[in-house]
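To start, the structure under review is shown below, and the notes come after it.
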Amino acid sequence: MAKIPVVMAGITGKTGEAVGKVIHQASDLRLVGAIAARHAHEHLGNRWNDETLDLSIVSDIEELAALAYAVLVDFTEPESAAHRIQWAVSHRWDIVVGTTGFSLEHRQQIEKLVNEHQVGAALIANFSIGAWFLERVAVEAGRFFDVGEVIEGHHVSKRDRPSGTAKRMASLLAESWRRQPEDIPVHSIRLPGLVAHQTVIFGGEGQVLTFRHDVHDRSAYGNGVVQAIRKVHEFRGRVVSDLGEVLKTSS
Ligand SMILES: NC(=O)c1ccc[n+]([C@@H]2O[C@H](COP(=O)([O-])OP(=O)(O)OC[C@H]3O[C@@H](n4cnc5c(N)ncnc54)[C@H](OP(=O)(O)O)[C@@H]3O)[C@@H](O)[C@H]2O)c1
């Protein structure tokens, strides 16, 4: 069976490198393009010390225009990602996006384009199965508690605050409590030594219930991304933001 071609944007980043290596190791996927900013023009095989990988890192997705089709995987930052996504979707590539911090306007624009061009899209704030499971149990607990707060902690170089995962958690709780997302307190911690951590804490009569998820190594996101790449074509015309939809449809 033909391998699914993948272009990875953010390949030299903390997350992109960890996820990129998982993609490279998957026997049904093939890395055909690599994008970064400061590290553009480096050779990826040399960078990873892997002779089997003959790929030069480029800075602009348009340099990959010779590719007929690929899945764009993006772990960068929202401004440049919005441009790449627009280019990829209008060339009828499917997209798997981990980048967080998009404005509402960017998100709506992506949804419109995905629908217009009938490509598949997964825009998922957290690709780790643990974070997804925390979301599920917290929503379930929210049926029995009516107050709760979210605490997220990340490394100091994280740009957006609160994290996309925490914003999503707050909006899911708000939805089940019929409140506005901004009514659910979200606390953000940025400290050296942290990678990505989320706690959801519920208060009740004489008791407190705490759920917590910790990512210590960014390879935690790899499996979710690989599964999304395999399935994204099935999401034609819409943007999936729940990892559960990817896992549910995975064979
Ligand atoms: N959805 C999830 O599961 C998940 C998990 C973790 C992180 N994230 C998100 O992923 C994103 C990246 O996080 P990170 O911690 O890995 O960041 P990072 O270490 O700063 O890496 C950023 C990457 O993006 C590249 N980049 C930056 N600006 C660019 C531009 N204008 N054009 C092309 N490439 C550009 C960088 O290239 P250079 O190295 O060459 O500068 C680098 O490869 C963030 O939005 C973060 O919130 C999502």
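Residue names in the structure tokens use chain letters A, B, ... in the order shown, residue numbers from 1 in each chain, and ligand numbers from 1 in the order shown.
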Distance filter 8 Å around ligand 1, atoms: only C-alpha atoms and all ligand atoms, out as a PyMOL selection string: chain A and resi 9-17+35-40+59-60+74-81+97-101+123-128+157-160+163-165+196+218+221
Quick one: residues within 10 Å of A:Gly130, only C-alpha atoms, excluding same-chain residues fewer than 5 positions away - as a ChimeraX atom specification? /A:135-136,212-215,220-221
Write the selection just made, keeping C-alpha atoms, as a PDB file, in the first residue's frame?
```
ATOM      1  CA  GLU A 135     -11.341  15.800  29.540  1.00  0.00           C
ATOM      2  CA  ARG A 136     -13.830  12.920  29.493  1.00  0.00           C
ATOM      3  CA  ARG A 212      -4.405  15.634  36.843  1.00  0.00           C
ATOM      4  CA  HIS A 213      -2.498  14.860  33.664  1.00  0.00           C
ATOM      5  CA  ASP A 214       1.263  15.325  33.125  1.00  0.00           C
ATOM      6  CA  VAL A 215       3.293  15.194  29.950  1.00  0.00           C
ATOM      7  CA  ALA A 220       3.226  11.638  24.258  1.00  0.00           C
ATOM      8  CA  TYR A 221       1.632  13.494  21.313  1.00  0.00           C
TER       9      TYR A 221
END
```
Where does DSSP see strand (DSSP E or B) in stretch 23-184 of chain A, if you list the residues as an mmCIF file with C-alpha atoms, in the first residue's frame?
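Okay, this is what ended up in out-v7.cif:
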```
data_model
loop_
_atom_site.group_PDB
_atom_site.id
_atom_site.type_symbol
_atom_site.label_atom_id
_atom_site.label_comp_id
_atom_site.auth_asym_id
_atom_site.auth_seq_id
_atom_site.Cartn_x
_atom_site.Cartn_y
_atom_site.Cartn_z
ATOM 1 C CA LEU A 29 3.770 7.286 6.532
ATOM 2 C CA ARG A 30 6.523 9.092 4.629
ATOM 3 C CA LEU A 31 8.001 12.457 5.541
ATOM 4 C CA VAL A 32 8.218 14.294 2.214
ATOM 5 C CA GLY A 33 8.678 17.841 3.461
ATOM 6 C CA ALA A 34 9.984 19.676 6.515
ATOM 7 C CA ILE A 35 9.395 23.321 7.393
ATOM 8 C CA HIS A 43 19.494 18.916 6.260
ATOM 9 C CA SER A 56 16.213 19.677 3.337
ATOM 10 C CA ILE A 57 14.256 21.923 5.682
ATOM 11 C CA VAL A 58 12.483 24.780 3.879
ATOM 12 C CA VAL A 71 -0.994 15.858 4.851
ATOM 13 C CA LEU A 72 0.249 19.080 6.425
ATOM 14 C CA VAL A 73 1.104 18.548 10.094
ATOM 15 C CA ASP A 74 1.687 21.862 11.873
ATOM 16 C CA ASP A 94 -5.616 17.485 4.336
ATOM 17 C CA ILE A 95 -4.376 19.105 7.552
ATOM 18 C CA VAL A 96 -3.503 17.923 11.076
ATOM 19 C CA VAL A 97 -2.830 20.944 13.261
ATOM 20 C CA ALA A 121 -8.973 18.753 9.036
ATOM 21 C CA ALA A 122 -8.015 17.845 12.599
ATOM 22 C CA LEU A 123 -7.308 20.936 14.731
ATOM 23 C CA GLY A 148 -14.585 23.604 39.446
ATOM 24 C CA GLU A 149 -11.429 25.316 38.250
ATOM 25 C CA VAL A 150 -8.664 24.478 35.782
ATOM 26 C CA ILE A 151 -4.935 24.846 36.473
ATOM 27 C CA GLU A 152 -2.455 24.466 33.636
ATOM 28 C CA GLY A 153 1.321 24.563 33.839
ATOM 29 C CA HIS A 154 3.820 24.781 30.970
#
```
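Minimum atom-to-atom distances from A:Ala66, A:Ala228, A:Leu104, A:Ile110 to A:His83 were compared using only C-alpha atoms, and the lowest value belongs to A:Ile110.
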Atom CA of A:His216 to atom CA of A:Val240: how many Å, to one decimal? 25.9 Å
State, in Å with one decimal place, the distance from atom CA of A:His233 to atom CA of A:Gly120. 4.8 Å
Selection near A:Ser219, 8 Å with only C-alpha atoms, sequence-local residues under 6 positions removed, as a PyMOL selection string: chain A and resi 15+18-19+22
Selection above as a file: N, CA and C atoms, as a short mmCIF file (atom, residue, chain, number, x, y, z; two decimals), in the first residue's frame:
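File part15.cif, as written:
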```
data_model
loop_
_atom_site.label_atom_id
_atom_site.label_comp_id
_atom_site.auth_asym_id
_atom_site.auth_seq_id
_atom_site.Cartn_x
_atom_site.Cartn_y
_atom_site.Cartn_z
N THR A 15 8.12 20.20 20.18
CA THR A 15 7.08 19.19 19.91
C THR A 15 7.26 18.59 18.51
N ALA A 18 9.85 15.80 18.30
CA ALA A 18 9.42 14.54 18.93
C ALA A 18 8.36 13.85 18.08
N VAL A 19 7.39 14.64 17.60
CA VAL A 19 6.29 14.07 16.81
C VAL A 19 6.82 13.65 15.43
N VAL A 22 8.32 10.26 15.46
CA VAL A 22 7.31 9.19 15.52
C VAL A 22 6.73 8.98 14.11
#
```
Contacts of A:Ala68 at 9 Å (only C-alpha atoms; same-chain gap of 2+ positions) as a PyMOL selection string: chain A and resi 65-66+70+91+93
Restrict the calculation to only C-alpha atoms, then for each residue of stretch 125-224 of chain A with any atom at most 9 Å from an atom of stretch 244-248 of chain A give the closest atom pair and their distance in Å to one decimal, rows by chain and rising residue number, as CSV.
```
residue,atom,partner,partner_atom,distance
A:Ile129,CA,A:Gly244,CA,8.8
A:Trp132,CA,A:Gly244,CA,7.2
A:Phe133,CA,A:Gly244,CA,8.8
A:Gly224,CA,A:Leu247,CA,7.8
```
Serialized selection, C-alpha atoms, as a PDB file, in the first residue's frame:
```pdb
ATOM      1  CA  ILE A 129      -4.537  10.275  25.043  1.00  0.00           C
ATOM      2  CA  TRP A 132      -8.277  13.493  26.186  1.00  0.00           C
ATOM      3  CA  PHE A 133      -9.201  11.026  28.929  1.00  0.00           C
ATOM      4  CA  GLY A 224      -2.494  10.789  18.447  1.00  0.00           C
TER       5      GLY A 224
END
```
Among listed residues A:Leu113, A:Val200, A:Ile23, A:Leu64, nearest A:Val139 (using only C-alpha atoms): A:Val200
Using DSSP on the backbone, list every residue of stretch 12-146 of chain A that comes out as helix (DSSP H, G or I), and give them as a PyMOL selection string. chain A and resi 14-25+44-48+61-64+78-90+104-117+129-141
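Using only C-alpha atoms, the smallest distance between any of A:Gln207, A:Arg161, A:Phe145, A:Phe235 and A:Val114 comes from A:Phe235.
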